Structures are given as C-alpha cells and as structure tokens.
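The data block below is entry_36.pdb; it holds PDB, C-alpha atoms.
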```pdb
ATOM      1  CA  MET A   1     -27.557  23.004 -20.810
ATOM      2  CA  GLU A   2     -29.167  19.574 -20.657
ATOM      3  CA  LYS A   3     -30.626  18.710 -17.252
ATOM      4  CA  LYS A   4     -29.286  15.837 -15.156
ATOM      5  CA  SER A   5     -31.498  13.116 -13.701
ATOM      6  CA  ALA A   6     -30.640   9.989 -11.689
ATOM      7  CA  PHE A   7     -31.762   7.486  -9.107
ATOM      8  CA  VAL A   8     -29.190   7.211  -6.295
ATOM      9  CA  ALA A   9     -29.266   4.226  -3.911
ATOM     10  CA  ILE A  10     -27.973   4.972  -0.402
ATOM     11  CA  ILE A  11     -26.254   1.827   0.895
ATOM     12  CA  GLY A  12     -24.632   1.111   4.247
ATOM     13  CA  ARG A  13     -24.804  -0.986   7.386
ATOM     14  CA  PRO A  14     -27.394  -0.219  10.110
ATOM     15  CA  SER A  15     -27.213   3.086  12.030
ATOM     16  CA  VAL A  16     -24.688   4.681   9.677
ATOM     17  CA  GLY A  17     -26.927   7.750   9.259
ATOM     18  CA  LYS A  18     -28.576   7.139   5.877
ATOM     19  CA  SER A  19     -31.996   8.478   6.859
ATOM     20  CA  THR A  20     -30.530  11.518   8.624
ATOM     21  CA  LEU A  21     -28.528  12.344   5.496
ATOM     22  CA  LEU A  22     -31.569  11.939   3.258
ATOM     23  CA  ASN A  23     -33.582  14.360   5.388
ATOM     24  CA  LYS A  24     -30.733  16.886   5.404
ATOM     25  CA  MET A  25     -30.275  16.747   1.612
ATOM     26  CA  CYS A  26     -34.011  17.110   0.942
ATOM     27  CA  GLY A  27     -34.500  19.847   3.521
ATOM     28  CA  GLU A  28     -37.630  18.060   4.759
ATOM     29  CA  LYS A  29     -38.482  15.078   6.956
ATOM     30  CA  VAL A  30     -38.638  12.251   4.425
ATOM     31  CA  ALA A  31     -37.430   9.271   6.465
ATOM     32  CA  ILE A  32     -37.979   8.511  10.146
ATOM     33  CA  VAL A  33     -34.902   8.428  12.377
ATOM     34  CA  SER A  34     -34.141   6.360  15.461
ATOM     35  CA  SER A  35     -31.160   5.006  17.375
ATOM     36  CA  VAL A  36     -32.653   1.536  16.858
ATOM     37  CA  PRO A  37     -30.722  -0.292  14.089
ATOM     38  CA  GLN A  38     -32.689  -1.096  10.919
ATOM     39  CA  THR A  39     -35.437   1.419  11.612
ATOM     40  CA  THR A  40     -35.802   1.834   7.836
ATOM     41  CA  ARG A  41     -37.832  -1.053   6.403
ATOM     42  CA  ASN A  42     -38.679   0.257   2.944
ATOM     43  CA  ALA A  43     -37.045   1.918  -0.046
ATOM     44  CA  ILE A  44     -37.767   5.542   0.891
ATOM     45  CA  LYS A  45     -37.442   8.076  -1.921
ATOM     46  CA  GLY A  46     -36.238  11.622  -1.284
ATOM     47  CA  ILE A  47     -35.991  14.113  -4.140
ATOM     48  CA  VAL A  48     -33.417  16.881  -4.519
ATOM     49  CA  ASN A  49     -34.180  19.516  -7.166
ATOM     50  CA  ARG A  50     -31.528  22.003  -8.259
ATOM     51  CA  GLU A  51     -30.727  24.068 -11.320
ATOM     52  CA  GLU A  52     -28.597  21.193 -12.627
ATOM     53  CA  GLY A  53     -31.499  18.768 -12.524
ATOM     54  CA  GLN A  54     -32.981  16.193 -10.166
ATOM     55  CA  LEU A  55     -31.580  13.413  -7.994
ATOM     56  CA  VAL A  56     -33.960  10.830  -6.555
ATOM     57  CA  PHE A  57     -32.304   9.248  -3.517
ATOM     58  CA  ILE A  58     -33.448   5.844  -2.302
ATOM     59  CA  ASP A  59     -32.856   5.290   1.408
ATOM     60  CA  THR A  60     -32.520   1.554   2.009
ATOM     61  CA  PRO A  61     -32.581  -0.688   5.105
ATOM     62  CA  GLY A  62     -29.187  -1.139   6.735
ATOM     63  CA  ARG A  63     -27.456  -4.246   5.415
ATOM     64  CA  HIS A  64     -27.035  -6.742   8.225
ATOM     65  CA  SER A  65     -26.214 -10.457   8.012
ATOM     66  CA  SER A  66     -28.934 -12.579   9.588
ATOM     67  CA  GLU A  67     -30.969 -15.638   8.637
ATOM     68  CA  LYS A  68     -34.156 -14.194  10.142
ATOM     69  CA  LYS A  69     -37.009 -13.925   7.672
ATOM     70  CA  MET A  70     -37.542 -10.206   8.191
ATOM     71  CA  ASN A  71     -33.874  -9.377   7.696
ATOM     72  CA  LYS A  72     -33.812 -11.334   4.440
ATOM     73  CA  LYS A  73     -36.740  -9.235   3.206
ATOM     74  CA  LEU A  74     -34.863  -6.056   4.138
ATOM     75  CA  LEU A  75     -31.798  -7.236   2.220
ATOM     76  CA  GLU A  76     -34.011  -7.825  -0.813
ATOM     77  CA  VAL A  77     -35.234  -4.213  -0.632
ATOM     78  CA  SER A  78     -31.649  -2.938  -0.509
ATOM     79  CA  SER A  79     -30.436  -5.173  -3.350
ATOM     80  CA  ARG A  80     -33.379  -4.217  -5.567
ATOM     81  CA  ALA A  81     -32.685  -0.505  -5.073
ATOM     82  CA  LEU A  82     -29.023  -1.077  -5.867
ATOM     83  CA  ALA A  83     -29.829  -2.877  -9.116
ATOM     84  CA  GLU A  84     -32.309  -0.247 -10.274
ATOM     85  CA  SER A  85     -30.237   2.878  -9.526
ATOM     86  CA  ASP A  86     -27.997   4.950 -11.796
ATOM     87  CA  LEU A  87     -25.597   5.856  -8.964
ATOM     88  CA  VAL A  88     -24.658   4.474  -5.560
ATOM     89  CA  LEU A  89     -23.925   6.461  -2.403
ATOM     90  CA  TYR A  90     -22.021   4.175  -0.036
ATOM     91  CA  MET A  91     -22.043   5.442   3.555
ATOM     92  CA  LEU A  92     -19.558   4.482   6.244
ATOM     93  CA  ASP A  93     -19.486   5.445   9.919
ATOM     94  CA  ALA A  94     -16.320   7.289  11.003
ATOM     95  CA  SER A  95     -17.023   6.388  14.646
ATOM     96  CA  ARG A  96     -16.989   2.611  14.084
ATOM     97  CA  ALA A  97     -14.267   0.382  12.703
ATOM     98  CA  PRO A  98     -15.280  -1.619   9.609
ATOM     99  CA  GLY A  99     -16.255  -5.208  10.355
ATOM    100  CA  PRO A 100     -17.521  -8.275   8.476
ATOM    101  CA  GLU A 101     -20.750  -6.504   7.445
ATOM    102  CA  GLU A 102     -18.712  -3.704   5.870
ATOM    103  CA  GLU A 103     -16.647  -6.245   3.967
ATOM    104  CA  GLU A 104     -19.799  -7.894   2.609
ATOM    105  CA  ILE A 105     -21.012  -4.523   1.329
ATOM    106  CA  ALA A 106     -17.602  -3.845  -0.234
ATOM    107  CA  VAL A 107     -17.771  -7.143  -2.105
ATOM    108  CA  LEU A 108     -21.250  -6.198  -3.341
ATOM    109  CA  LEU A 109     -20.126  -2.753  -4.543
ATOM    110  CA  LYS A 110     -16.730  -3.585  -6.025
ATOM    111  CA  PRO A 111     -18.164  -4.277  -9.526
ATOM    112  CA  LEU A 112     -20.039  -0.942  -9.284
ATOM    113  CA  THR A 113     -17.108   1.336  -8.452
ATOM    114  CA  GLN A 114     -17.530   3.473 -11.564
ATOM    115  CA  LYS A 115     -20.946   4.662 -10.395
ATOM    116  CA  THR A 116     -20.234   4.736  -6.643
ATOM    117  CA  VAL A 117     -19.487   7.688  -4.363
ATOM    118  CA  ILE A 118     -18.356   7.170  -0.766
ATOM    119  CA  ALA A 119     -19.502   9.318   2.167
ATOM    120  CA  VAL A 120     -17.783   8.880   5.548
ATOM    121  CA  ASN A 121     -20.333  10.158   8.059
ATOM    122  CA  LYS A 122     -20.241  11.404  11.680
ATOM    123  CA  ILE A 123     -17.011  13.388  11.378
ATOM    124  CA  ASP A 124     -18.539  15.927  13.797
ATOM    125  CA  MET A 125     -18.161  13.473  16.683
ATOM    126  CA  ALA A 126     -15.321  13.948  19.170
ATOM    127  CA  ASN A 127     -11.968  12.166  18.736
ATOM    128  CA  ILE A 128     -12.712  10.845  15.275
ATOM    129  CA  ASP A 129      -9.801   9.132  13.494
ATOM    130  CA  THR A 130     -10.559   8.438   9.829
ATOM    131  CA  SER A 131      -7.308   6.575   9.156
ATOM    132  CA  ILE A 132      -8.920   3.156   9.773
ATOM    133  CA  ILE A 133     -11.786   3.948   7.405
ATOM    134  CA  ASN A 134      -9.346   5.277   4.798
ATOM    135  CA  GLY A 135      -7.297   2.097   5.071
ATOM    136  CA  PHE A 136     -10.414  -0.003   4.546
ATOM    137  CA  ILE A 137     -11.404   2.004   1.444
ATOM    138  CA  ASN A 138      -7.915   1.820  -0.057
ATOM    139  CA  ASN A 139      -7.766  -1.907   0.617
ATOM    140  CA  TRP A 140     -11.056  -2.659  -1.124
ATOM    141  CA  PHE A 141     -11.239  -0.037  -3.865
ATOM    142  CA  THR A 142      -8.546   1.247  -6.224
ATOM    143  CA  GLU A 143      -7.551   4.826  -5.536
ATOM    144  CA  ASN A 144      -7.815   5.977  -9.159
ATOM    145  CA  VAL A 145     -11.469   4.907  -9.392
ATOM    146  CA  PHE A 146     -12.412   6.802  -6.238
ATOM    147  CA  SER A 147     -10.349   9.910  -6.907
ATOM    148  CA  ASN A 148     -12.441  12.934  -5.759
ATOM    149  CA  LYS A 149     -15.298  10.590  -4.841
ATOM    150  CA  ILE A 150     -14.601  10.110  -1.130
ATOM    151  CA  HIS A 151     -16.297  12.710   1.069
ATOM    152  CA  LEU A 152     -16.100  13.352   4.808
ATOM    153  CA  ILE A 153     -19.516  14.524   5.959
ATOM    154  CA  SER A 154     -21.766  15.124   8.916
ATOM    155  CA  ALA A 155     -25.410  14.322   8.235
ATOM    156  CA  ASN A 156     -26.268  16.110  11.489
ATOM    157  CA  THR A 157     -24.549  19.437  10.824
ATOM    158  CA  GLY A 158     -24.549  19.395   7.015
ATOM    159  CA  GLU A 159     -20.760  19.615   6.726
ATOM    160  CA  GLY A 160     -19.482  18.309   3.388
ATOM    161  CA  ILE A 161     -22.941  17.622   1.951
ATOM    162  CA  GLU A 162     -22.870  20.386  -0.668
ATOM    163  CA  ASN A 163     -19.668  19.012  -2.196
ATOM    164  CA  LEU A 164     -21.129  15.525  -2.099
ATOM    165  CA  LEU A 165     -24.216  16.678  -4.020
ATOM    166  CA  ASN A 166     -22.059  18.510  -6.562
ATOM    167  CA  VAL A 167     -20.164  15.317  -7.397
ATOM    168  CA  LEU A 168     -23.356  13.268  -7.665
ATOM    169  CA  PHE A 169     -24.883  15.800 -10.067
ATOM    170  CA  GLU A 170     -21.681  15.764 -12.148
ATOM    171  CA  MET A 171     -21.867  11.965 -12.401
ATOM    172  CA  ALA A 172     -25.601  11.834 -13.138
ATOM    173  CA  PRO A 173     -26.616  11.117 -16.737
ATOM    174  CA  GLU A 174     -28.527  13.660 -18.781
ATOM    175  CA  GLY A 175     -32.289  13.323 -18.566
ATOM    176  CA  GLN A 176     -35.536  15.011 -17.753
ATOM    177  CA  PRO A 177     -36.822  15.235 -14.149
ATOM    178  CA  LEU A 178     -38.781  12.221 -12.975
ATOM    179  CA  TYR A 179     -40.968  14.249 -10.585
ATOM    180  CA  ASP A 180     -42.384  17.763 -10.515
ATOM    181  CA  ALA A 181     -40.071  20.376  -9.003
ATOM    182  CA  ASP A 182     -42.227  20.844  -5.876
ATOM    183  CA  TYR A 183     -41.919  17.150  -4.858
ATOM    184  CA  TYR A 184     -39.434  16.116  -2.169
ATOM    185  CA  THR A 185     -40.832  12.567  -1.796
ATOM    186  CA  ASP A 186     -43.348  10.301  -3.517
ATOM    187  CA  GLN A 187     -44.673   8.616  -0.362
ATOM    188  CA  GLU A 188     -48.422   8.168  -0.032
ATOM    189  CA  THR A 189     -50.222   9.891   2.842
ATOM    190  CA  GLY A 190     -51.090   6.703   4.724
ATOM    191  CA  PHE A 191     -47.527   5.420   4.575
ATOM    192  CA  ARG A 192     -46.102   8.694   5.905
ATOM    193  CA  ILE A 193     -48.569   8.770   8.786
ATOM    194  CA  ALA A 194     -47.786   5.154   9.689
ATOM    195  CA  GLU A 195     -44.041   5.854   9.637
ATOM    196  CA  ILE A 196     -44.338   8.914  11.882
ATOM    197  CA  ILE A 197     -46.379   6.919  14.415
ATOM    198  CA  ARG A 198     -43.841   4.070  14.278
ATOM    199  CA  GLU A 199     -40.956   6.475  14.829
ATOM    200  CA  GLN A 200     -42.563   7.925  17.944
ATOM    201  CA  ALA A 201     -43.392   4.450  19.240
ATOM    202  CA  ILE A 202     -39.951   2.886  18.797
ATOM    203  CA  ASN A 203     -38.172   5.948  20.181
ATOM    204  CA  ARG A 204     -40.194   5.565  23.387
ATOM    205  CA  LEU A 205     -40.152   1.763  23.529
ATOM    206  CA  ARG A 206     -36.704   0.999  22.096
ATOM    207  CA  GLN A 207     -35.603  -0.867  25.212
ATOM    208  CA  GLU A 208     -38.735  -3.021  25.407
ATOM    209  CA  LEU A 209     -39.862  -3.437  21.794
ATOM    210  CA  PRO A 210     -37.074  -2.495  19.371
ATOM    211  CA  HIS A 211     -38.374  -4.429  16.344
ATOM    212  CA  SER A 212     -41.586  -6.049  17.548
ATOM    213  CA  LEU A 213     -44.075  -3.502  16.269
ATOM    214  CA  TYR A 214     -45.430  -2.014  13.073
ATOM    215  CA  VAL A 215     -48.258   0.396  12.306
ATOM    216  CA  ASP A 216     -51.330  -0.396  10.258
ATOM    217  CA  ILE A 217     -53.564   2.377   8.907
ATOM    218  CA  ALA A 218     -57.023   0.818   9.118
ATOM    219  CA  ASP A 219     -59.051   3.728   7.761
ATOM    220  CA  MET A 220     -58.688   7.325   6.534
ATOM    221  CA  GLU A 221     -61.428   9.815   5.693
ATOM    222  CA  PHE A 222     -61.495  13.524   4.895
ATOM    223  CA  ARG A 223     -64.020  15.469   6.948
ATOM    224  CA  ASP A 224     -65.139  19.096   7.405
ATOM    225  CA  ASN A 225     -65.074  19.714   3.633
ATOM    226  CA  GLY A 226     -61.523  18.448   3.325
ATOM    227  CA  ALA A 227     -60.094  20.540   6.171
ATOM    228  CA  LYS A 228     -59.494  17.551   8.439
ATOM    229  CA  LEU A 229     -58.193  14.028   7.826
ATOM    230  CA  TRP A 230     -59.532  11.422  10.257
ATOM    231  CA  VAL A 231     -57.222   8.421  10.674
ATOM    232  CA  ARG A 232     -57.670   5.180  12.583
ATOM    233  CA  ALA A 233     -54.330   3.447  13.123
ATOM    234  CA  PHE A 234     -53.198   0.380  15.040
ATOM    235  CA  ILE A 235     -49.807  -0.245  16.583
ATOM    236  CA  ILE A 236     -49.342  -3.974  16.054
ATOM    237  CA  VAL A 237     -47.241  -5.990  18.518
ATOM    238  CA  GLU A 238     -46.352  -9.688  18.454
ATOM    239  CA  ARG A 239     -47.705 -10.832  21.811
ATOM    240  CA  GLU A 240     -50.544  -9.948  24.168
ATOM    241  CA  SER A 241     -48.034  -9.249  26.939
ATOM    242  CA  GLN A 242     -46.547  -6.418  24.844
ATOM    243  CA  LYS A 243     -49.793  -4.476  24.516
ATOM    244  CA  GLY A 244     -49.524  -3.155  28.053
ATOM    245  CA  MET A 245     -46.084  -1.691  27.305
ATOM    246  CA  VAL A 246     -47.477   0.329  24.409
ATOM    247  CA  VAL A 247     -50.589   1.460  26.268
ATOM    248  CA  GLY A 248     -48.716   2.285  29.471
ATOM    249  CA  LYS A 249     -50.115   2.889  32.930
ATOM    250  CA  GLY A 250     -53.492   4.572  32.608
ATOM    251  CA  GLY A 251     -52.948   4.897  28.839
ATOM    252  CA  GLU A 252     -50.061   7.325  29.390
ATOM    253  CA  MET A 253     -47.624   5.810  26.864
ATOM    254  CA  ILE A 254     -49.983   5.600  23.900
ATOM    255  CA  LYS A 255     -51.136   9.144  24.664
ATOM    256  CA  LYS A 256     -47.521  10.361  24.459
ATOM    257  CA  ILE A 257     -47.008   8.506  21.173
ATOM    258  CA  ARG A 258     -50.212   9.951  19.713
ATOM    259  CA  LEU A 259     -49.485  13.554  20.717
ATOM    260  CA  ALA A 260     -45.868  13.406  19.506
ATOM    261  CA  ALA A 261     -46.989  11.918  16.179
ATOM    262  CA  LEU A 262     -49.622  14.630  15.744
ATOM    263  CA  LYS A 263     -46.988  17.295  16.403
ATOM    264  CA  ASP A 264     -44.797  15.904  13.619
ATOM    265  CA  LEU A 265     -47.725  15.405  11.239
ATOM    266  CA  LYS A 266     -48.750  19.024  11.721
ATOM    267  CA  ARG A 267     -45.396  20.084  10.257
ATOM    268  CA  ILE A 268     -45.819  17.828   7.221
ATOM    269  CA  PHE A 269     -49.454  18.215   6.163
ATOM    270  CA  ASP A 270     -51.546  21.303   5.473
ATOM    271  CA  TRP A 271     -54.739  19.810   6.875
ATOM    272  CA  LYS A 272     -55.566  18.945  10.469
ATOM    273  CA  ILE A 273     -55.105  15.295  11.469
ATOM    274  CA  ASP A 274     -57.564  13.597  13.820
ATOM    275  CA  LEU A 275     -55.773  10.442  14.969
ATOM    276  CA  ASP A 276     -57.572   7.500  16.581
ATOM    277  CA  LEU A 277     -54.641   5.353  17.767
ATOM    278  CA  ARG A 278     -55.075   1.855  19.212
ATOM    279  CA  VAL A 279     -53.028  -1.276  19.925
ATOM    280  CA  LYS A 280     -53.618  -4.874  18.924
ATOM    281  CA  THR A 281     -51.740  -8.141  18.553
ATOM    282  CA  GLY A 282     -50.513  -9.702  15.334
ATOM    283  CA  LYS A 283     -49.092 -12.959  16.658
ATOM    284  CA  ASP A 284     -45.502 -13.553  15.477
ATOM    285  CA  TRP A 285     -46.006 -11.156  12.560
ATOM    286  CA  ARG A 286     -42.267 -11.065  11.796
ATOM    287  CA  HIS A 287     -42.507 -14.693  10.670
ATOM    288  CA  ASN A 288     -45.613 -14.206   8.530
ATOM    289  CA  ASP A 289     -44.885 -13.918   4.782
ATOM    290  CA  TYR A 290     -48.126 -12.059   4.033
ATOM    291  CA  THR A 291     -47.518  -9.433   6.741
ATOM    292  CA  LEU A 292     -43.859  -8.926   5.768
ATOM    293  CA  HIS A 293     -44.879  -8.454   2.142
ATOM    294  CA  LYS A 294     -47.543  -5.966   3.205
ATOM    295  CA  ILE A 295     -45.277  -3.744   5.294
ATOM    296  CA  ILE A 296     -41.941  -4.066   3.444
ATOM    297  CA  ASP A 297     -42.778  -4.473  -0.249
ATOM    298  CA  ARG A 298     -45.056  -1.448  -0.486
TER     299      ARG A 298
END
```

Final structure tokens representation of the file:
Amino acid sequence: MEKKSAFVAIIGRPSVGKSTLLNKMCGEKVAIVSSVPQTTRNAIKGIVNREEGQLVFIDTPGRHSSEKKMNKKLLEVSSRALAESDLVLYMLDASRAPGPEEEEIAVLLKPLTQKTVIAVNKIDMANIDTSIINGFINNWFTENVFSNKIHLISANTGEGIENLLNVLFEMAPEGQPLYDADYYTDQETGFRIAEIIREQAINRLRQELPHSLYVDIADMEFRDNGAKLWVRAFIIVERESQKGMVVGKGGEMIKKIRLAALKDLKRIFDWKIDLDLRVKTGKDWRHNDYTLHKIIDR
C-alpha cells in the first residue's frame, strides 16, 4: 500500500490548545506551552510517523486581530503555513464562545473546506456545552463538507485524538515521508534551547512580562569530547527597569528559570547542558523590524 504524506497546518485563535495538541500527537515536547496567549511565535513542526505514513504538523501562532507590528508578523507566519500545507486542522475552544476572531478565521478557511478538519478542544473541562460551537460550525460551513470531519477532543487527556489522526491520514495524499522515521521535529538545537528557556521565563513572569521578552543564544560549544554542550544565552527585555524582575532578589528568579530549563533540556537531549544564562536590554525590540525578523522568521 502506498504511504501517505502531508503537511498539516494547525490554525486557531490564541490559547485554544494548539501546542498542547501537537505535543500529545508527537508523544514528545515539541512546542512550549503557557497560559500566556500567543506564546507560539514561529511555525513549529511536529512529525507523526505511523504505518500509514507521515504527517508533518505545523503549529502556528494564535490568530489575533491587532495592528501591532509583532502581531502582524505572527499573522504572516500563520498565513504562510496555511498556504503551504496539504491539510488544515482548525481548532476551536469548547470552553469559550466564538467571537469576532473566530469569524475572521472562518472567513479565511471557508474556501479551504475540502482539506480542513475541525477539532473542538477542551471537552474534558467541567460543564462544557458544545451546542454553541456546533451552531457556529453549521452556520459557517456546510454540513456535507464536514461530515465525519468534526472531532471533539481533549489535548490534555488525549481523548478523541486517535480518531482525529485516522481521518487526517485518510485525507492525506500519497507520498514518501519527508523526514526519517526517528524524527519528531526538525528544530535546530539552539532554537529548542531558546524556546525552553523562554517557556520557563514567561511561566514565572507572566504577570509582569507576558510578551516583553525573548531569548537569544549568543554562543554554543561542545566540550569534554562532545559529552557536554556549553550554552551562553540572554533573556532580552525591552527596558532597563524590567531586568530586575527577571533577575529577582539576590538572583533568585533567574536561578529558578535556569534550573527549570536545565531540567526540561535534560529530558530532550542526550548530552549534558551547561547553561550560562544572563539578562540584557533590547530597547523596544517588539518595534524593531530586524529583531522581529530574527526571532519570528527563523
């Protein structure tokens, strides 16, 4: 039987659970997860290999209407992934009623209904009523097109995900795998390390600095005959006054971020990581075209 192969763009508004679903489907930590909306800033690839073939999922930034320069860049990442993919996985949140952002996504996807599958996430939460979501779907998409392509899932527990994958593999075109069978992502080492550090930072500073930081890997070097990877990384904030928040009293906060990041990195990489983590200012970096290109378009 001919193998199946496809790129699948995961589209949805912020905090719908796209990254959590990607990690669950891949069985590994591919994308960082946070309660902060629009944590994902890049097109993150996660690879699912099965007997039927290979699906390469592209986790995209949550689509949110805003005229801010950074948000426009994030929308570009999402739109590019959508245009380049064979299939679309449209995620909705069962715990939130659809609003204007959901309608904008529906308009975007309506011409792509033949290659779109819908996943309604967070059905494991208490007192969930899917009737509002179902009404929205029926209002925007014809029932015959989406027959057997609407799935109730929980990215946290895994409920409904196997059926979702089965449908996506059925819809995928025939083709050879795009990556070797032992790959679950194509991310470079430096990018993965930066993302893990950023996750630990924003999860500890989400009240103070939800979007005002990024991580720059300044240098990496293998030592001890390749047994250890030394990394110097900087958490970049927008203003001098924010540096103290990241460092914390007596350096306590940055120590917590560093140790938590190392704990996660130990699970991902075979070699030991020696992390030199510092903080510096990149004044108003969210308004700098060069910086946005550097951290988003990679």

Given the PyMOL selection byres ((chain A and resi 214) around 12) and the file above, list the residues it selects as a PDB file with C-alpha atoms, keeping the file's coordinate frame.
```pdb
ATOM      1  CA  THR A  39     -35.437   1.419  11.612  1.00  0.00           C
ATOM      2  CA  THR A  40     -35.802   1.834   7.836  1.00  0.00           C
ATOM      3  CA  ARG A  41     -37.832  -1.053   6.403  1.00  0.00           C
ATOM      4  CA  PHE A 191     -47.527   5.420   4.575  1.00  0.00           C
ATOM      5  CA  ALA A 194     -47.786   5.154   9.689  1.00  0.00           C
ATOM      6  CA  GLU A 195     -44.041   5.854   9.637  1.00  0.00           C
ATOM      7  CA  ILE A 196     -44.338   8.914  11.882  1.00  0.00           C
ATOM      8  CA  ILE A 197     -46.379   6.919  14.415  1.00  0.00           C
ATOM      9  CA  ARG A 198     -43.841   4.070  14.278  1.00  0.00           C
ATOM     10  CA  GLU A 199     -40.956   6.475  14.829  1.00  0.00           C
ATOM     11  CA  GLN A 200     -42.563   7.925  17.944  1.00  0.00           C
ATOM     12  CA  ALA A 201     -43.392   4.450  19.240  1.00  0.00           C
ATOM     13  CA  ILE A 202     -39.951   2.886  18.797  1.00  0.00           C
ATOM     14  CA  LEU A 209     -39.862  -3.437  21.794  1.00  0.00           C
ATOM     15  CA  PRO A 210     -37.074  -2.495  19.371  1.00  0.00           C
ATOM     16  CA  HIS A 211     -38.374  -4.429  16.344  1.00  0.00           C
ATOM     17  CA  SER A 212     -41.586  -6.049  17.548  1.00  0.00           C
ATOM     18  CA  LEU A 213     -44.075  -3.502  16.269  1.00  0.00           C
ATOM     19  CA  VAL A 215     -48.258   0.396  12.306  1.00  0.00           C
ATOM     20  CA  ASP A 216     -51.330  -0.396  10.258  1.00  0.00           C
ATOM     21  CA  ILE A 217     -53.564   2.377   8.907  1.00  0.00           C
ATOM     22  CA  ALA A 233     -54.330   3.447  13.123  1.00  0.00           C
ATOM     23  CA  PHE A 234     -53.198   0.380  15.040  1.00  0.00           C
ATOM     24  CA  ILE A 235     -49.807  -0.245  16.583  1.00  0.00           C
ATOM     25  CA  ILE A 236     -49.342  -3.974  16.054  1.00  0.00           C
ATOM     26  CA  VAL A 237     -47.241  -5.990  18.518  1.00  0.00           C
ATOM     27  CA  GLU A 238     -46.352  -9.688  18.454  1.00  0.00           C
ATOM     28  CA  VAL A 246     -47.477   0.329  24.409  1.00  0.00           C
ATOM     29  CA  VAL A 279     -53.028  -1.276  19.925  1.00  0.00           C
ATOM     30  CA  LYS A 280     -53.618  -4.874  18.924  1.00  0.00           C
ATOM     31  CA  THR A 281     -51.740  -8.141  18.553  1.00  0.00           C
ATOM     32  CA  GLY A 282     -50.513  -9.702  15.334  1.00  0.00           C
ATOM     33  CA  ASP A 284     -45.502 -13.553  15.477  1.00  0.00           C
ATOM     34  CA  TRP A 285     -46.006 -11.156  12.560  1.00  0.00           C
ATOM     35  CA  ARG A 286     -42.267 -11.065  11.796  1.00  0.00           C
ATOM     36  CA  THR A 291     -47.518  -9.433   6.741  1.00  0.00           C
ATOM     37  CA  LEU A 292     -43.859  -8.926   5.768  1.00  0.00           C
ATOM     38  CA  LYS A 294     -47.543  -5.966   3.205  1.00  0.00           C
ATOM     39  CA  ILE A 295     -45.277  -3.744   5.294  1.00  0.00           C
ATOM     40  CA  ILE A 296     -41.941  -4.066   3.444  1.00  0.00           C
TER      41      ILE A 296
END
```

### Task
Skip Lys18 (chain A) itself and residues of its chain fewer than 4 positions away, then list as a list in words all residues within 8 Å of it, counting all atoms listed in the file.
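The contact residues come out as Ile10, Ile11, Gly12, Leu22, Asp59, Thr60 and Met91 of chain A.
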
### Message
Env of Ser35 (chain A): 10 Å cut, atoms = only C-alpha atoms, seq-sep filter 2 positions within chain, self excluded. Answer as a list in words.
### Response
Pro14, Ser15, Gly17, Val33, Pro37, Gln38, Thr39, Ile202, Asn203, Arg206 and Pro210 of chain A

Take the residues just selected and output them with C-alpha atoms as an mmCIF file, keeping the file's coordinate frame.
```cif
data_model
loop_
_atom_site.group_PDB
_atom_site.id
_atom_site.type_symbol
_atom_site.label_atom_id
_atom_site.label_comp_id
_atom_site.auth_asym_id
_atom_site.auth_seq_id
_atom_site.Cartn_x
_atom_site.Cartn_y
_atom_site.Cartn_z
ATOM 1 C CA PRO A 14 -27.394 -0.219 10.110
ATOM 2 C CA SER A 15 -27.213 3.086 12.030
ATOM 3 C CA GLY A 17 -26.927 7.750 9.259
ATOM 4 C CA VAL A 33 -34.902 8.428 12.377
ATOM 5 C CA PRO A 37 -30.722 -0.292 14.089
ATOM 6 C CA GLN A 38 -32.689 -1.096 10.919
ATOM 7 C CA THR A 39 -35.437 1.419 11.612
ATOM 8 C CA ILE A 202 -39.951 2.886 18.797
ATOM 9 C CA ASN A 203 -38.172 5.948 20.181
ATOM 10 C CA ARG A 206 -36.704 0.999 22.096
ATOM 11 C CA PRO A 210 -37.074 -2.495 19.371
#
```

### Query
Got a sec to resolve the PyMOL selection byres ((chain A and resi 221) around 10) on this structure and send the residues as a PyMOL selection string?
chain A and resi 219-220+222-223+226+228-232+274

### Message
Rounded to one decimal, what separation in Å do you get between CA of Lys4 (chain A) and CA of Ile123 (chain A)?
### Response
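Computing it gives 29.3 Å between the two atoms.
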
#### Entry: Selection dump of the PyMOL selection byres ((chain A and resi 112) around 12), as JSON, numbers by chain
{"A": [9, 82, 83, 85, 86, 87, 88, 89, 90, 105, 106, 107, 108, 109, 110, 111, 113, 114, 115, 116, 117, 118, 141, 145, 146]}

#### Entry: Residue neighbourhood region 129-133 of chain A, 12 Å, all atoms listed in the file, exclusion window fewer than 2 positions, as a PyMOL selection string
chain A and resi 91-99+102-103+118-127+135-141+150-153

### Query
So, counting only C-alpha atoms, which residue among A:Phe7, A:Tyr183, A:Phe169, A:Phe57 is closest to Lys24 (chain A)?
A:Phe57

### Interatomic distance, CA of Ala218 (chain A) to CA of Leu275 (chain A) (Å, one decimal)
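Between these atoms lies a distance of 11.3 Å.
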
### Task
Could you check how far CA of Gln207 (chain A) sits from CA of Asp297 (chain A), in Å to one decimal?
26.7 Å

### Task
Find, counting only C-alpha atoms, the residue in A:Ser34, A:Ser154, A:Asn163, A:Gln176 that gets nearest to Ser5 (chain A).
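The closest residue to Ser5 (chain A) is A:Gln176.
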
Take every atom of region 159-167 of chain A listed in the file, fit an axis-aligned box around them, add 4 Å per side, and give the centre and edge lengths in Å to one decimal as JSON.
```
{"center_x": -21.8, "center_y": 17.9, "center_z": -0.3, "size_x": 12.7, "size_y": 13.1, "size_z": 22.1}
```

### Task
Name the closest residue to Val247 (chain A) among the candidates A:Glu188, A:Leu205, A:His287, A:Asp224; distances are taken between atoms, counting all atoms listed in the file.
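Nearest candidate to Val247 (chain A) out of A:Glu188, A:Leu205, A:His287, A:Asp224: A:Leu205.
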
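Among the candidates A:Asn156, A:Asn166, A:Gln54, A:Gln187, the residue lying nearest to Asn23 (chain A) is A:Asn156 (atoms considered: only C-alpha atoms).
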
### Query
So which one's closest to Thr157 (chain A), A:Leu21, A:Glu2, A:Glu52, A:Asn134? Using all atoms listed in the file, please.
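Looking at the shortest contact to Thr157 (chain A), the residue is A:Leu21.
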